[in-house]
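Pasting coords-v8.txt here (compact mmCIF, C-alpha atoms):
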```
# COMPACT_ATOMS: atom_id res chain seq x y z
CA MET A 1 -71.35 267.43 108.70
CA GLN A 2 -73.81 268.27 111.48
CA THR A 3 -77.53 268.48 110.81
CA GLY A 4 -78.86 272.04 110.68
CA HIS A 5 -75.54 273.64 109.69
CA LEU A 6 -74.62 274.89 106.26
CA THR A 7 -71.44 273.84 104.54
CA GLY A 8 -69.10 276.47 103.26
CA ALA A 9 -70.22 275.91 99.65
CA SER A 10 -73.98 276.07 100.28
CA ARG A 11 -73.94 279.13 102.57
CA PRO A 12 -73.52 281.70 99.73
CA ILE A 13 -76.38 280.13 97.76
CA VAL A 14 -78.73 280.35 100.73
CA LEU A 15 -77.62 283.92 101.49
CA LEU A 16 -78.19 284.95 97.87
CA GLY A 17 -81.68 283.44 98.04
CA ILE A 18 -82.49 285.35 101.24
CA LEU A 19 -81.01 288.56 99.82
CA ALA A 20 -83.04 288.18 96.63
CA GLY A 21 -86.19 287.64 98.70
CA LEU A 22 -85.50 290.76 100.76
CA VAL A 23 -84.81 292.85 97.67
CA LEU A 24 -87.97 291.62 95.94
CA SER A 25 -90.11 292.18 99.00
CA GLY A 26 -88.66 295.66 99.34
CA CYS A 27 -89.57 296.43 95.72
CA SER A 28 -93.08 295.06 95.94
CA ALA A 29 -93.83 297.12 99.04
CA ASP A 30 -93.34 300.26 96.95
CA GLU A 31 -95.85 299.14 94.31
CA PRO A 32 -99.37 300.34 95.03
CA GLY A 33 -101.95 297.59 95.33
CA ARG A 34 -105.69 297.46 94.78
CA GLU A 35 -107.27 298.87 97.91
CA PHE A 36 -110.85 298.88 96.60
CA ALA A 37 -113.23 295.94 96.56
CA VAL A 38 -114.32 294.75 93.14
CA PRO A 39 -118.05 295.50 92.91
CA LYS A 40 -120.64 292.78 92.33
CA VAL A 41 -122.92 295.08 90.32
CA VAL A 42 -121.72 297.41 87.57
CA CYS A 43 -123.97 299.72 85.60
CA GLU A 44 -127.06 298.08 87.11
CA VAL A 45 -125.95 294.58 86.05
CA PRO A 46 -124.62 291.82 88.34
CA VAL A 47 -121.19 290.69 87.12
CA PRO A 48 -118.79 287.94 88.19
CA ALA A 49 -116.06 289.54 90.31
CA ASP A 50 -113.25 287.58 88.65
CA ALA A 51 -114.31 288.69 85.16
CA LEU A 52 -114.63 292.33 86.22
CA SER A 53 -111.38 292.22 88.17
CA ALA A 54 -109.46 291.55 84.95
CA LEU A 55 -110.82 294.78 83.44
CA LEU A 56 -109.96 297.02 86.39
CA PRO A 57 -106.56 298.49 87.28
CA ALA A 58 -104.31 296.40 89.51
CA SER A 59 -103.88 299.37 91.85
CA GLY A 60 -106.01 302.14 93.22
CA ARG A 61 -107.61 303.40 96.41
CA ARG A 62 -111.31 303.83 95.65
CA ILE A 63 -113.73 302.85 92.94
CA ALA A 64 -116.83 304.80 91.93
CA VAL A 65 -119.69 303.01 90.17
CA PRO A 66 -122.94 304.87 89.47
CA GLU A 67 -125.87 303.17 91.17
CA TYR A 68 -128.22 304.27 88.40
CA ALA A 69 -126.84 304.92 84.93
CA PHE A 70 -129.68 304.28 82.53
CA ASN A 71 -132.96 306.07 81.89
CA MET A 72 -136.42 304.47 81.84
CA ALA A 73 -135.90 303.40 78.21
CA GLY A 74 -132.75 301.52 79.27
CA GLU A 75 -130.39 303.92 77.54
CA GLY A 76 -127.46 305.78 79.02
CA LEU A 77 -123.76 306.02 79.68
CA CYS A 78 -122.11 304.51 82.74
CA LYS A 79 -118.49 305.28 83.65
CA VAL A 80 -116.60 303.38 86.31
CA SER A 81 -113.75 305.36 87.87
CA VAL A 82 -110.80 304.46 90.03
CA ASP A 83 -109.26 307.33 91.97
CA ASP A 84 -111.35 309.82 89.94
CA GLN A 85 -110.06 308.50 86.60
CA ALA A 86 -112.47 306.75 84.21
CA VAL A 87 -111.35 303.16 83.62
CA LEU A 88 -114.41 301.45 82.13
CA MET A 89 -117.33 302.74 80.08
CA VAL A 90 -120.63 301.07 79.30
CA ASP A 91 -122.98 302.75 76.81
CA ARG A 92 -126.39 301.27 76.14
CA GLU A 93 -128.67 302.70 73.44
CA ARG A 94 -131.55 301.79 71.18
CA ILE A 95 -130.61 301.70 67.51
CA ASP A 96 -132.41 301.01 64.24
CA ALA A 97 -132.91 297.31 63.56
CA GLY A 98 -130.59 295.80 61.01
CA HIS A 99 -127.27 297.27 62.15
CA SER A 100 -124.51 294.80 62.88
CA ALA A 101 -122.23 294.71 65.91
CA TYR A 102 -119.32 295.11 63.50
CA VAL A 103 -120.70 298.41 62.15
CA VAL A 104 -121.45 299.77 65.62
CA LEU A 105 -117.97 298.92 66.93
CA ARG A 106 -116.28 300.34 63.85
CA GLY A 107 -118.25 303.57 64.30
CA ARG A 108 -117.22 303.81 67.96
CA THR A 109 -113.56 302.89 67.63
CA ASN A 110 -112.72 303.33 63.92
CA GLU A 111 -111.22 299.82 64.12
CA TRP A 112 -111.66 297.74 60.99
CA THR A 113 -109.96 294.53 62.14
CA GLN A 114 -112.40 293.00 64.58
CA LYS A 115 -113.42 289.57 65.70
CA SER A 116 -117.00 288.44 66.06
CA ALA A 117 -118.96 285.91 68.09
CA GLU A 118 -122.51 284.68 68.61
CA GLY A 119 -123.33 284.72 64.91
CA GLY A 120 -122.26 288.34 64.45
CA SER A 121 -124.33 289.77 67.31
CA MET A 122 -121.06 290.51 69.14
CA ALA A 123 -117.91 292.21 67.85
CA TYR A 124 -114.75 292.87 69.80
CA ILE A 125 -111.21 294.19 69.71
CA ASP A 126 -108.51 294.27 72.37
CA ARG A 127 -110.08 296.92 74.64
CA ALA A 128 -113.69 297.22 73.48
CA ALA A 129 -116.73 295.16 72.55
CA VAL A 130 -120.29 295.59 71.26
CA SER A 131 -123.24 293.31 71.76
CA LEU A 132 -126.56 293.72 69.96
CA VAL A 133 -129.82 292.48 71.40
CA LYS A 134 -132.75 292.25 69.02
CA CYS A 135 -135.95 293.65 70.47
CA ARG A 136 -138.94 291.96 68.91
CA GLY A 137 -142.51 292.03 70.05
CA THR A 138 -145.70 293.95 69.68
CA GLY A 139 -144.81 297.35 68.27
CA VAL A 140 -141.04 296.92 68.80
CA ASN A 141 -139.84 295.43 65.52
CA THR A 142 -137.82 298.40 64.36
CA GLU A 143 -135.07 298.68 66.97
CA ASP A 144 -132.29 296.78 68.68
CA VAL A 145 -130.30 297.51 71.81
CA SER A 146 -126.57 298.16 71.44
CA ILE A 147 -124.30 297.67 74.43
CA PHE A 148 -120.80 299.11 73.99
CA ILE A 149 -118.11 298.40 76.58
CA GLN A 150 -114.67 299.96 76.51
CA VAL A 151 -111.70 299.64 78.85
CA LEU A 152 -110.14 303.09 79.08
```

Can the structure in the file be given as structure tokens, please?
Amino acid sequence: MQTGHLTGASRPIVLLGILAGLVLSGCSADEPGREFAVPKVVCEVPVPADALSALLPASGRRIAVPEYAFNMAGEGLCKVSVDDQAVLMVDRERIDAGHSAYVVLRGRTNEWTQKSAEGGSMAYIDRAAVSLVKCRGTGVNTEDVSIFIQVL
């Protein structure tokens, strides 16, 4: 056998491998890819690109993220869109002190089977999460801040 030449038995295996590669590359060319850059700031908060990337669609042409989403009190609704379709929502509001993340998430999603973290200050399900931040200080002992995030 000469070096660089295929034997009769190995030629079909190599051809099948090349054919499979061509078929797969032909299929993947038809799949749309992500054409937008993953933002570094979402809803006025810097976020790690790899963490945010997992929440965004794998395909799309352009992403729209509001530069300013919250009012002076830090409340508001921020929707991130890809190709004019909302894909991620962040809602931040002040709530009465004493509510739990579990209760807030249940009220938003009607989901009773949740998981919690950080001593109950966070509650989450497959596509949504709530985090509560206790605001304590002079004259601010009666409210907390609720941050609700949902992947749409």

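For the set A:Pro46, A:Gly60, A:Gly76, A:Pro66, the residue with the smallest atom-to-atom gap to Gly33 (chain A) is A:Gly60, counting all atoms listed in the file.
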
Atomic separation - CA of Tyr68 (chain A) relative to CA of Val42 (chain A), Å: 9.5 Å

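Straight-line separation from CA of Ile147 (chain A) to CA of Val38 (chain A): 21.4 Å.
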
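Note that CA of Phe36 (chain A) and CA of Gln85 (chain A) are 13.9 Å apart.
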
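Nearest-residue note for Pro57 (chain A): choosing from A:Glu118, A:Leu152, A:Ile95, A:Glu143, the minimum distance belongs to A:Leu152, counting all atoms listed in the file.
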
Test item: residues at most 9 Å from Gly74 (chain A), only C-alpha atoms, excluding those fewer than 4 positions along its chain, as a ChimeraX atom specification: /A:69-70,92-94,145

Residue nearest Arg108 (chain A) - candidates A:Val82, A:Met122, A:Ala128, A:Val133, atoms counted: all atoms listed in the file: A:Ala128

Nearby residues, (-121.9, 296.0, 65.6) file frame, 8 Å, all atoms listed in the file, as a PyMOL selection string: chain A and resi 99-106+120-123+130-132+146

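Take the candidates A:Met89, A:Ala129, A:Val151, A:Ala37 and check each one against Gln114 (chain A) using only C-alpha atoms; the shortest distance goes to A:Ala129.
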
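Among the candidate residues A:Glu75, A:Ala49, A:Ala54, A:Ser59, the one lying nearest to Glu35 (chain A) is A:Ser59, with distances computed using all atoms listed in the file.
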
Since the input is missing atoms for region 107-139 of chain A, could you rebuild it with N, CA and C atoms and give the result as a PDB file, in the frame of the given file?
```
ATOM      1  N   GLY A 107    -117.868 302.171  64.124  1.00  0.00           N
ATOM      2  CA  GLY A 107    -118.250 303.570  64.300  1.00  0.00           C
ATOM      3  C   GLY A 107    -117.748 304.156  65.613  1.00  0.00           C
ATOM      4  N   ARG A 108    -117.674 303.339  66.642  1.00  0.00           N
ATOM      5  CA  ARG A 108    -117.220 303.810  67.960  1.00  0.00           C
ATOM      6  C   ARG A 108    -115.704 303.901  68.067  1.00  0.00           C
ATOM      7  N   THR A 109    -115.006 302.980  67.422  1.00  0.00           N
ATOM      8  CA  THR A 109    -113.560 302.890  67.630  1.00  0.00           C
ATOM      9  C   THR A 109    -112.737 303.160  66.376  1.00  0.00           C
ATOM     10  N   ASN A 110    -113.387 303.190  65.216  1.00  0.00           N
ATOM     11  CA  ASN A 110    -112.720 303.330  63.920  1.00  0.00           C
ATOM     12  C   ASN A 110    -111.759 302.160  63.667  1.00  0.00           C
ATOM     13  N   GLU A 111    -112.035 301.034  64.286  1.00  0.00           N
ATOM     14  CA  GLU A 111    -111.220 299.820  64.120  1.00  0.00           C
ATOM     15  C   GLU A 111    -111.866 298.912  63.099  1.00  0.00           C
ATOM     16  N   TRP A 112    -111.121 298.568  62.057  1.00  0.00           N
ATOM     17  CA  TRP A 112    -111.660 297.740  60.990  1.00  0.00           C
ATOM     18  C   TRP A 112    -111.369 296.260  61.190  1.00  0.00           C
ATOM     19  N   THR A 113    -110.329 295.932  61.928  1.00  0.00           N
ATOM     20  CA  THR A 113    -109.960 294.530  62.140  1.00  0.00           C
ATOM     21  C   THR A 113    -110.538 294.067  63.475  1.00  0.00           C
ATOM     22  N   GLN A 114    -111.680 293.451  63.401  1.00  0.00           N
ATOM     23  CA  GLN A 114    -112.400 293.000  64.580  1.00  0.00           C
ATOM     24  C   GLN A 114    -112.618 291.499  64.518  1.00  0.00           C
ATOM     25  N   LYS A 115    -112.997 290.962  65.650  1.00  0.00           N
ATOM     26  CA  LYS A 115    -113.420 289.570  65.700  1.00  0.00           C
ATOM     27  C   LYS A 115    -114.900 289.578  66.069  1.00  0.00           C
ATOM     28  N   SER A 116    -115.582 288.497  65.733  1.00  0.00           N
ATOM     29  CA  SER A 116    -117.000 288.440  66.060  1.00  0.00           C
ATOM     30  C   SER A 116    -117.329 287.119  66.746  1.00  0.00           C
ATOM     31  N   ALA A 117    -118.479 287.107  67.395  1.00  0.00           N
ATOM     32  CA  ALA A 117    -118.960 285.910  68.090  1.00  0.00           C
ATOM     33  C   ALA A 117    -120.474 285.927  68.079  1.00  0.00           C
ATOM     34  N   GLU A 118    -121.050 284.814  68.497  1.00  0.00           N
ATOM     35  CA  GLU A 118    -122.510 284.680  68.610  1.00  0.00           C
ATOM     36  C   GLU A 118    -123.212 285.036  67.302  1.00  0.00           C
ATOM     37  N   GLY A 119    -122.685 284.507  66.213  1.00  0.00           N
ATOM     38  CA  GLY A 119    -123.330 284.720  64.910  1.00  0.00           C
ATOM     39  C   GLY A 119    -123.331 286.157  64.441  1.00  0.00           C
ATOM     40  N   GLY A 120    -122.349 286.941  64.881  1.00  0.00           N
ATOM     41  CA  GLY A 120    -122.260 288.340  64.450  1.00  0.00           C
ATOM     42  C   GLY A 120    -122.974 289.313  65.364  1.00  0.00           C
ATOM     43  N   SER A 121    -123.650 288.836  66.402  1.00  0.00           N
ATOM     44  CA  SER A 121    -124.330 289.770  67.310  1.00  0.00           C
ATOM     45  C   SER A 121    -123.352 290.387  68.307  1.00  0.00           C
ATOM     46  N   MET A 122    -122.103 289.922  68.315  1.00  0.00           N
ATOM     47  CA  MET A 122    -121.060 290.510  69.140  1.00  0.00           C
ATOM     48  C   MET A 122    -119.832 290.760  68.270  1.00  0.00           C
ATOM     49  N   ALA A 123    -119.170 291.888  68.514  1.00  0.00           N
ATOM     50  CA  ALA A 123    -117.910 292.210  67.850  1.00  0.00           C
ATOM     51  C   ALA A 123    -116.969 292.740  68.915  1.00  0.00           C
ATOM     52  N   TYR A 124    -115.680 292.430  68.772  1.00  0.00           N
ATOM     53  CA  TYR A 124    -114.750 292.870  69.800  1.00  0.00           C
ATOM     54  C   TYR A 124    -113.355 293.099  69.241  1.00  0.00           C
ATOM     55  N   ILE A 125    -112.623 293.941  69.955  1.00  0.00           N
ATOM     56  CA  ILE A 125    -111.210 294.190  69.710  1.00  0.00           C
ATOM     57  C   ILE A 125    -110.537 294.095  71.074  1.00  0.00           C
ATOM     58  N   ASP A 126    -109.280 294.450  71.143  1.00  0.00           N
ATOM     59  CA  ASP A 126    -108.510 294.270  72.370  1.00  0.00           C
ATOM     60  C   ASP A 126    -109.144 294.949  73.590  1.00  0.00           C
ATOM     61  N   ARG A 127    -109.606 296.176  73.469  1.00  0.00           N
ATOM     62  CA  ARG A 127    -110.080 296.920  74.640  1.00  0.00           C
ATOM     63  C   ARG A 127    -111.529 297.394  74.539  1.00  0.00           C
ATOM     64  N   ALA A 128    -112.301 296.801  73.626  1.00  0.00           N
ATOM     65  CA  ALA A 128    -113.690 297.220  73.480  1.00  0.00           C
ATOM     66  C   ALA A 128    -114.515 296.092  72.862  1.00  0.00           C
ATOM     67  N   ALA A 129    -115.824 296.155  73.115  1.00  0.00           N
ATOM     68  CA  ALA A 129    -116.730 295.160  72.550  1.00  0.00           C
ATOM     69  C   ALA A 129    -118.123 295.758  72.407  1.00  0.00           C
ATOM     70  N   VAL A 130    -118.890 295.213  71.464  1.00  0.00           N
ATOM     71  CA  VAL A 130    -120.290 295.590  71.260  1.00  0.00           C
ATOM     72  C   VAL A 130    -121.113 294.318  71.214  1.00  0.00           C
ATOM     73  N   SER A 131    -122.268 294.389  71.842  1.00  0.00           N
ATOM     74  CA  SER A 131    -123.240 293.310  71.760  1.00  0.00           C
ATOM     75  C   SER A 131    -124.560 293.909  71.334  1.00  0.00           C
ATOM     76  N   LEU A 132    -125.239 293.262  70.400  1.00  0.00           N
ATOM     77  CA  LEU A 132    -126.560 293.720  69.960  1.00  0.00           C
ATOM     78  C   LEU A 132    -127.611 292.739  70.443  1.00  0.00           C
ATOM     79  N   VAL A 133    -128.690 293.285  70.966  1.00  0.00           N
ATOM     80  CA  VAL A 133    -129.820 292.480  71.400  1.00  0.00           C
ATOM     81  C   VAL A 133    -131.008 292.907  70.551  1.00  0.00           C
ATOM     82  N   LYS A 134    -131.602 291.947  69.873  1.00  0.00           N
ATOM     83  CA  LYS A 134    -132.750 292.250  69.020  1.00  0.00           C
ATOM     84  C   LYS A 134    -134.010 292.352  69.880  1.00  0.00           C
ATOM     85  N   CYS A 135    -134.679 293.456  69.756  1.00  0.00           N
ATOM     86  CA  CYS A 135    -135.950 293.650  70.470  1.00  0.00           C
ATOM     87  C   CYS A 135    -137.085 293.359  69.496  1.00  0.00           C
ATOM     88  N   ARG A 136    -137.824 292.319  69.775  1.00  0.00           N
ATOM     89  CA  ARG A 136    -138.940 291.960  68.910  1.00  0.00           C
ATOM     90  C   ARG A 136    -140.157 291.700  69.777  1.00  0.00           C
ATOM     91  N   GLY A 137    -141.259 292.187  69.324  1.00  0.00           N
ATOM     92  CA  GLY A 137    -142.510 292.030  70.050  1.00  0.00           C
ATOM     93  C   GLY A 137    -143.529 292.981  69.488  1.00  0.00           C
ATOM     94  N   THR A 138    -144.634 293.083  70.141  1.00  0.00           N
ATOM     95  CA  THR A 138    -145.700 293.950  69.680  1.00  0.00           C
ATOM     96  C   THR A 138    -145.223 295.397  69.631  1.00  0.00           C
ATOM     97  N   GLY A 139    -145.171 295.950  68.455  1.00  0.00           N
ATOM     98  CA  GLY A 139    -144.810 297.350  68.270  1.00  0.00           C
ATOM     99  C   GLY A 139    -143.328 297.656  68.439  1.00  0.00           C
TER     100      GLY A 139
END
```
